[in-house]
>>> print(open('final.pdb').read())   # PDB, C-alpha atoms
ATOM      1  CA  THR A1264      38.961  21.190 -20.660
ATOM      2  CA  TYR A1265      41.543  18.501 -21.373
ATOM      3  CA  THR A1266      41.648  15.506 -19.029
ATOM      4  CA  PHE A1267      43.444  12.189 -19.310
ATOM      5  CA  GLY A1268      44.665   9.596 -16.861
ATOM      6  CA  THR A1269      43.856  11.203 -13.529
ATOM      7  CA  THR A1270      42.915   7.615 -12.643
ATOM      8  CA  GLY A1271      45.140   4.917 -14.119
ATOM      9  CA  GLY A1272      47.244   7.238 -16.247
ATOM     10  CA  SER A1273      50.953   6.694 -16.869
ATOM     11  CA  SER A1274      53.707   7.639 -19.246
ATOM     12  CA  ALA A1275      53.044   4.391 -21.118
ATOM     13  CA  ASN A1276      49.432   5.155 -22.071
ATOM     14  CA  SER A1277      49.370   8.966 -22.215
ATOM     15  CA  PRO A1278      48.436  10.602 -25.562
ATOM     16  CA  ASN A1279      50.223  13.487 -27.250
ATOM     17  CA  LEU A1280      48.327  16.774 -27.395
ATOM     18  CA  SER A1281      49.027  19.672 -29.771
ATOM     19  CA  LEU A1282      47.080  22.925 -29.589
ATOM     20  CA  THR A1283      46.441  24.916 -32.760
ATOM     21  CA  GLY A1284      45.483  28.500 -33.470
ATOM     22  CA  SER A1285      47.055  31.768 -32.386
ATOM     23  CA  GLY A1286      44.330  33.346 -30.271
ATOM     24  CA  THR A1287      44.097  34.002 -26.538
ATOM     25  CA  ALA A1288      41.121  31.707 -25.858
ATOM     26  CA  ILE A1289      42.087  29.801 -22.707
ATOM     27  CA  ALA A1290      42.413  26.019 -22.796
ATOM     28  CA  THR A1291      42.042  24.412 -19.377
ATOM     29  CA  PHE A1292      43.629  21.224 -18.083
ATOM     30  CA  THR A1293      42.640  18.959 -15.208
ATOM     31  CA  THR A1294      45.387  18.784 -12.595
ATOM     32  CA  GLY A1295      47.000  15.366 -12.419
ATOM     33  CA  SER A1296      46.376  14.538 -16.083
ATOM     34  CA  TYR A1297      48.948  12.647 -18.158
ATOM     35  CA  PHE A1298      50.082  13.644 -21.638
ATOM     36  CA  GLY A1299      52.935  12.379 -23.800
ATOM     37  CA  THR A1300      54.214  15.531 -25.478
ATOM     38  CA  LEU A1301      52.130  18.643 -24.804
ATOM     39  CA  ASN A1302      52.669  21.234 -27.553
ATOM     40  CA  PHE A1303      51.195  24.715 -27.139
ATOM     41  CA  GLY A1304      51.933  25.577 -30.786
ATOM     42  CA  THR A1305      51.356  29.273 -31.508
ATOM     43  CA  THR A1306      48.714  29.860 -28.834
ATOM     44  CA  ALA A1307      48.969  32.941 -26.648
ATOM     45  CA  PHE A1308      46.858  32.439 -23.536
ATOM     46  CA  VAL A1309      47.632  32.511 -19.802
ATOM     47  CA  ILE A1310      47.337  28.961 -18.518
ATOM     48  CA  GLY A1311      45.502  28.519 -15.224
ATOM     49  CA  VAL A1312      47.034  26.955 -12.126
ATOM     50  CA  THR A1313      47.530  23.271 -12.900
ATOM     51  CA  SER A1314      49.999  20.409 -12.495
ATOM     52  CA  LEU A1315      50.480  17.974 -15.373
ATOM     53  CA  ASN A1316      52.441  14.735 -15.797
ATOM     54  CA  LEU A1317      54.358  14.951 -19.062
ATOM     55  CA  ASP A1318      56.943  13.205 -21.220
ATOM     56  CA  GLY A1319      57.726  16.260 -23.345
ATOM     57  CA  LEU A1320      56.685  19.899 -23.447
ATOM     58  CA  THR A1321      56.785  22.618 -26.106
ATOM     59  CA  LEU A1322      55.951  26.140 -24.959
ATOM     60  CA  SER A1323      54.616  28.844 -27.252
ATOM     61  CA  THR A1324      56.303  32.224 -27.567
ATOM     62  CA  GLY A1325      53.122  34.168 -26.807
ATOM     63  CA  GLY A1326      51.851  32.095 -23.881
ATOM     64  CA  THR A1327      52.248  32.587 -20.127
ATOM     65  CA  PHE A1328      53.164  29.406 -18.253
ATOM     66  CA  THR A1329      54.212  30.408 -14.741
ATOM     67  CA  ASN A1330      51.058  28.714 -13.373
ATOM     68  CA  LEU A1331      51.976  25.368 -14.956
ATOM     69  CA  THR A1332      53.784  22.760 -12.876
ATOM     70  CA  ALA A1333      55.490  20.417 -15.341
ATOM     71  CA  ASN A1334      56.087  17.050 -13.721
ATOM     72  CA  MET A1335      58.310  15.216 -16.208
ATOM     73  CA  VAL A1336      57.631  11.486 -15.864
ATOM     74  CA  GLY A1337      58.887   9.967 -19.147
ATOM     75  CA  THR A1338      61.476  10.374 -21.857
ATOM     76  CA  GLY A1339      61.013  13.549 -23.883
ATOM     77  CA  THR A1340      62.208  17.043 -24.714
ATOM     78  CA  ILE A1341      61.386  20.444 -23.233
ATOM     79  CA  THR A1342      61.349  23.112 -25.937
ATOM     80  CA  PRO A1343      61.021  26.569 -24.362
ATOM     81  CA  GLY A1344      59.301  29.402 -26.176
ATOM     82  CA  SER A1345      61.251  32.588 -26.724
ATOM     83  CA  ASN A1346      61.191  34.781 -23.589
ATOM     84  CA  THR A1347      58.747  32.462 -21.808
ATOM     85  CA  THR A1348      59.037  31.271 -18.218
ATOM     86  CA  LEU A1349      57.770  27.888 -17.072
ATOM     87  CA  GLY A1350      56.313  27.433 -13.600
ATOM     88  CA  PRO A1351      57.729  24.751 -11.275
ATOM     89  CA  LEU A1352      59.737  22.095 -13.127
ATOM     90  CA  VAL A1353      59.850  18.637 -11.524
ATOM     91  CA  ILE A1354      62.101  15.841 -12.812
ATOM     92  CA  ASN A1355      60.636  12.552 -11.589
ATOM     93  CA  ASN A1356      61.091  10.318 -14.623
ATOM     94  CA  GLY A1357      62.560   7.145 -13.112
ATOM     95  CA  ALA A1358      64.764   5.405 -15.691
ATOM     96  CA  ASN A1359      63.871   7.956 -18.367
ATOM     97  CA  THR A1360      65.529  11.177 -19.575
ATOM     98  CA  THR A1361      64.276  14.724 -20.033
ATOM     99  CA  THR A1362      66.319  16.784 -22.516
ATOM    100  CA  LEU A1363      66.449  20.559 -22.940
ATOM    101  CA  ALA A1364      66.197  21.855 -26.513
ATOM    102  CA  SER A1365      67.434  25.309 -25.477
ATOM    103  CA  ALA A1366      68.037  27.414 -22.366
ATOM    104  CA  LEU A1367      65.106  27.276 -19.951
ATOM    105  CA  THR A1368      63.750  29.643 -17.306
ATOM    106  CA  CYS A1369      61.397  28.323 -14.616
ATOM    107  CA  THR A1370      60.154  29.449 -11.210
ATOM    108  CA  THR A1371      61.483  26.481  -9.195
ATOM    109  CA  TYR A1372      63.359  23.264  -9.992
ATOM    110  CA  THR A1373      62.950  19.949  -8.167
ATOM    111  CA  GLN A1374      64.599  16.640  -9.023
ATOM    112  CA  THR A1375      63.493  13.535  -7.140
ATOM    113  CA  ALA A1376      64.455  10.762  -9.587
ATOM    114  CA  GLY A1377      65.597  10.126 -13.143
ATOM    115  CA  THR A1378      67.820  12.004 -15.562
ATOM    116  CA  ILE A1379      67.872  15.460 -17.103
ATOM    117  CA  ASN A1380      70.144  16.153 -20.049
ATOM    118  CA  PHE A1381      70.864  19.879 -20.142
ATOM    119  CA  ALA A1382      72.562  19.459 -23.549
ATOM    120  CA  SER A1383      74.935  22.266 -22.478
ATOM    121  CA  PHE A1384      72.045  24.745 -22.060
ATOM    122  CA  ASN A1385      71.519  26.943 -19.001
ATOM    123  CA  LEU A1386      68.714  26.557 -16.477
ATOM    124  CA  THR A1387      67.587  29.718 -14.663
ATOM    125  CA  CYS A1388      65.244  29.508 -11.669
ATOM    126  CA  SER A1389      63.661  32.683 -10.312
ATOM    127  CA  SER A1390      63.453  30.934  -6.942
ATOM    128  CA  THR A1391      64.860  27.703  -5.462
ATOM    129  CA  ALA A1392      66.324  24.470  -6.835
ATOM    130  CA  THR A1393      66.136  21.222  -4.847
ATOM    131  CA  TYR A1394      67.943  17.982  -5.671
ATOM    132  CA  THR A1395      67.120  14.663  -3.955
ATOM    133  CA  ALA A1396      68.226  11.979  -6.419
ATOM    134  CA  GLY A1397      68.906  11.367 -10.101
ATOM    135  CA  THR A1398      71.414  12.373 -12.762
ATOM    136  CA  LEU A1399      72.261  15.748 -14.276
ATOM    137  CA  ASN A1400      74.038  15.371 -17.637
ATOM    138  CA  ASN A1401      75.855  17.949 -19.774
ATOM    139  CA  VAL A1402      75.207  20.754 -17.323
ATOM    140  CA  ALA A1403      76.055  24.314 -18.351
ATOM    141  CA  THR A1404      74.950  26.767 -15.626
ATOM    142  CA  ILE A1405      72.152  26.390 -13.077
ATOM    143  CA  SER A1406      71.143  29.739 -11.558
ATOM    144  CA  CYS A1407      68.781  29.913  -8.582
ATOM    145  CA  THR A1408      68.295  31.795  -5.326
ATOM    146  CA  THR A1409      69.015  28.692  -3.223
ATOM    147  CA  TRP A1410      70.406  25.266  -4.130
ATOM    148  CA  THR A1411      69.334  22.521  -1.708
ATOM    149  CA  CYS A1412      70.806  19.031  -1.892
ATOM    150  CA  ALA A1413      68.437  16.800   0.049
ATOM    151  CA  GLY A1414      70.220  13.590  -0.979
ATOM    152  CA  THR A1415      73.704  12.423  -1.988
ATOM    153  CA  PHE A1416      75.162  14.290  -4.940
ATOM    154  CA  THR A1417      77.986  12.786  -6.989
ATOM    155  CA  MET A1418      79.765  14.733  -9.722
ATOM    156  CA  THR A1419      81.215  12.685 -12.586
ATOM    157  CA  ILE A1420      83.952  14.374 -14.603
ATOM    158  CA  ASP A1421      84.879  13.632 -18.204
ATOM    159  CA  ASP A1422      88.617  13.023 -17.857
ATOM    160  CA  ASP A1423      89.084  13.700 -21.566
ATOM    161  CA  VAL A1424      88.275  17.334 -20.774
ATOM    162  CA  TRP A1425      89.625  17.715 -17.243
ATOM    163  CA  GLY A1426      93.229  17.098 -16.264
ATOM    164  CA  LEU A1427      93.164  14.568 -13.408
ATOM    165  CA  ILE A1428      96.032  13.620 -11.130
ATOM    166  CA  ALA A1429      96.842  10.090 -10.062
ATOM    167  CA  GLY A1430      96.780   9.324  -6.348
ATOM    168  CA  ASP A1431      96.101  11.716  -3.500
ATOM    169  CA  PRO A1432      96.433  15.471  -4.023
ATOM    170  CA  ASP A1433      98.994  17.543  -2.139
ATOM    171  CA  LEU A1434      97.613  20.670  -0.440
ATOM    172  CA  ASP A1435     101.015  22.303   0.078
ATOM    173  CA  ILE A1436     101.385  25.715  -1.581
ATOM    174  CA  ASN A1437     104.517  24.566  -3.418
ATOM    175  CA  ALA A1438     103.089  21.193  -4.500
ATOM    176  CA  THR A1439     103.529  19.907  -8.028
ATOM    177  CA  ASP A1440      99.963  18.541  -8.182
ATOM    178  CA  PRO A1441      97.894  20.564  -5.689
ATOM    179  CA  ALA A1442      94.116  20.447  -5.453
ATOM    180  CA  CYS A1443      93.416  24.009  -6.502
ATOM    181  CA  TYR A1444      92.147  26.362  -9.133
ATOM    182  CA  THR A1445      93.668  29.533 -10.473
ATOM    183  CA  GLY A1446      92.473  32.783 -11.907
ATOM    184  CA  ARG A1447      93.489  36.365 -12.516
ATOM    185  CA  VAL A1448      91.982  39.793 -12.031
ATOM    186  CA  LYS A1449      92.826  42.772 -14.218
ATOM    187  CA  ILE A1450      92.770  46.160 -12.482
ATOM    188  CA  SER A1451      92.718  49.241 -14.698
ATOM    189  CA  PHE A1452      93.976  52.599 -13.444
ATOM    190  CA  PRO A1453      92.996  55.837 -15.198
ATOM    191  CA  ALA A1454      95.432  58.508 -16.253
ATOM    192  CA  VAL A1455      96.292  61.001 -13.517
ATOM    193  CA  GLY A1456      98.095  64.176 -14.522
ATOM    194  CA  SER A1457     101.178  63.248 -16.484
ATOM    195  CA  GLN A1458     100.900  59.570 -15.544
ATOM    196  CA  PRO A1459      99.253  57.545 -18.344
ATOM    197  CA  ALA A1460      96.564  54.936 -17.774
ATOM    198  CA  TYR A1461      97.844  51.424 -17.062
ATOM    199  CA  ASP A1462      96.663  47.923 -16.119
ATOM    200  CA  GLU A1463      97.858  45.480 -13.491
ATOM    201  CA  ALA A1464      97.074  41.756 -13.409
ATOM    202  CA  VAL A1465      96.746  39.933 -10.085
ATOM    203  CA  PHE A1466      97.189  36.171 -10.350
ATOM    204  CA  LEU A1467      95.301  34.066  -7.802
ATOM    205  CA  LEU A1468      95.778  30.510  -6.539
ATOM    206  CA  PHE A1469      92.984  28.933  -4.477
ATOM    207  CA  LEU A1470      93.733  25.712  -2.612
ATOM    208  CA  VAL A1471      90.802  23.329  -2.172
ATOM    209  CA  ASN A1472      90.397  22.024   1.368
ATOM    210  CA  SER A1473      89.080  18.594   0.380
ATOM    211  CA  ASP A1474      90.186  15.321  -1.117
ATOM    212  CA  GLY A1475      90.391  17.078  -4.438
ATOM    213  CA  VAL A1476      89.778  15.445  -7.803
ATOM    214  CA  VAL A1477      91.725  12.239  -8.359
ATOM    215  CA  ASN A1478      91.784   9.676 -11.114
TER
END
>>> encode(input="final.pdb", output="structure tokens")
Amino acid sequence: TYTFGTTGGSSANSPNLSLTGSGTAIATFTTGSYFGTLNFGTTAFVIGVTSLNLDGLTLSTGGTFTNLTANMVGTGTITPGSNTTLGPLVINNGANTTTLASALTCTTYTQTAGTINFASFNLTCSSTATYTAGTLNNVATISCTTWTCAGTFTMTIDDDVWGLIAGDPDLDINATDPACYTGRVKISFPAVGSQPAYDEAVFLLFLVNSDGVVN
């Protein structure tokens, strides 16, 4: 059983822990322990129900981690194992940053404070995601059954990538700078008798009923 810092532990004094071997012998952890970077190496066991305070986390490909609640409290990186699913992921790292090394799947996602850098990787939750406070950087796609914003959420846009308009947007359908987005749908029709197959494209314009995005 691995235990550290259940009394007096913090991100500042927590040790790194790397597990070795490739067997299925189960290592146990005391809930509430603190570790710097926890690395499961090439182990392949099913972790028991536990909640750990971590700076960084590396999952093994052969392990099962849905019982592990990863409470990220310091600066570090989450490196998912191939085809592995983490249990509840909690971002509560204050002035620190948690960075994804690749796309991550977890059961639930909760952010109460601090920063997560998605590094343009996707986050998939098999259940809910809840945001209270903090910063989400370089987000790709967050997929969940329910997204709950329990606090104030502000989206910051890189204006080198997005085209922003100056001043207030115009919501008229014939406006030069409307607050809207566009898209198109291709509909394919099969051949019927002597009539050959053909496609039709439907172009769509959606007006945004809000203050829009302004520079």
>>> residues_around(input="final.pdb", residues="A:Asn1359", least_positions_apart="2", cutoff="6 Å", atoms="all atoms listed in the file", output="PyMOL selection string")
chain A and resi 1337-1338+1356-1357+1377
>>> residues_around(input="final.pdb", residues="stretch 1265-1268 of chain A", least_positions_apart="5", cutoff="10 Å", atoms="all atoms listed in the file", output="list of chain:residue names")
A:Ser1273, A:Ser1274, A:Asn1276, A:Ser1277, A:Pro1278, A:Leu1280, A:Ala1290, A:Thr1291, A:Phe1292, A:Thr1293, A:Thr1294, A:Gly1295, A:Ser1296, A:Tyr1297, A:Phe1298, A:Leu1315, A:Asn1316
>>> closest_residue(input="final.pdb", among="A:Asn1400, A:Ala1413, A:Thr1348, A:Pro1343", to="A:Thr1375", atoms="all atoms listed in the file")
A:Ala1413
>>> atom_distance(input="final.pdb", atom1="atom CA of A:Cys1412", atom2="atom CA of A:Leu1399")
12.9 Å
>>> closest_residue(input="final.pdb", among="A:Ile1379, A:Met1335, A:Ala1396, A:Ile1405", to="A:Leu1352", atoms="all atoms listed in the file")
A:Met1335
>>> residues_around(input="final.pdb", residues="A:Val1353", least_positions_apart="4", cutoff="9 Å", atoms="all atoms listed in the file", output="ChimeraX atom specification")
/A:1332-1336,1371-1375
>>> closest_residue(input="final.pdb", among="A:Phe1466, A:Tyr1461, A:Trp1410, A:Phe1416", to="A:Ser1389", atoms="only C-alpha atoms")
A:Trp1410
>>> resolve_selection(input="final.pdb", expression="the PyMOL selection byres ((chain A and resi 1380) around 8)", output="number ranges by chain")
A: 1360-1363, 1378-1379, 1381-1382, 1399-1402
>>> resolve_selection(input="final.pdb", expression="the PyMOL selection byres ((chain A and resi 1390) around 8)", output="PyMOL selection string")
chain A and resi 1370-1371+1388-1389+1391-1392+1407-1409
>>> residues_around(input="final.pdb", residues="A:Leu1367", least_positions_apart="3", cutoff="9 Å", atoms="only C-alpha atoms", output="list in words")
Ile1341, Thr1342, Pro1343, Gly1344, Thr1347, Thr1348, Leu1349, Leu1363, Ala1364, Phe1384, Asn1385, Leu1386, Thr1387 and Cys1388 of chain A
>>> closest_residue(input="final.pdb", among="A:Thr1270, A:Thr1398, A:Thr1264, A:Thr1306", to="A:Gly1284", atoms="only C-alpha atoms")
A:Thr1306
>>> closest_residue(input="final.pdb", among="A:Val1312, A:Ser1406, A:Lys1449, A:Glu1463", to="A:Pro1351", atoms="only C-alpha atoms")
A:Val1312
>>> atom_distance(input="final.pdb", atom1="atom CA of A:Ala1288", atom2="atom CA of A:Phe1328")
14.4 Å
>>> atom_distance(input="final.pdb", atom1="atom CA of A:Ala1366", atom2="atom CA of A:Thr1300")
18.5 Å
>>> resolve_selection(input="final.pdb", expression="the PyMOL selection byres ((chain A and resi 1287) around 7)", output="PyMOL selection string")
chain A and resi 1285-1286+1288-1289+1306-1308
>>> closest_residue(input="final.pdb", among="A:Gly1299, A:Gly1319, A:Gly1311, A:Pro1453", to="A:Leu1331", atoms="only C-alpha atoms")
A:Gly1311
>>> axis_aligned_box(input="final.pdb", around="stretch 1390-1398 of chain A", padding_each_side="8 Å", output="JSON")
{"center_x": 67.4, "center_y": 21.2, "center_z": -8.4, "size_x": 24.0, "size_y": 35.6, "size_z": 24.8}
>>> residues_around(input="final.pdb", residues="A:Ser1281", least_positions_apart="2", cutoff="8 Å", atoms="all atoms listed in the file", output="list in words")
Asn1279, Thr1283, Thr1300, Leu1301, Asn1302, Phe1303 and Gly1304 of chain A
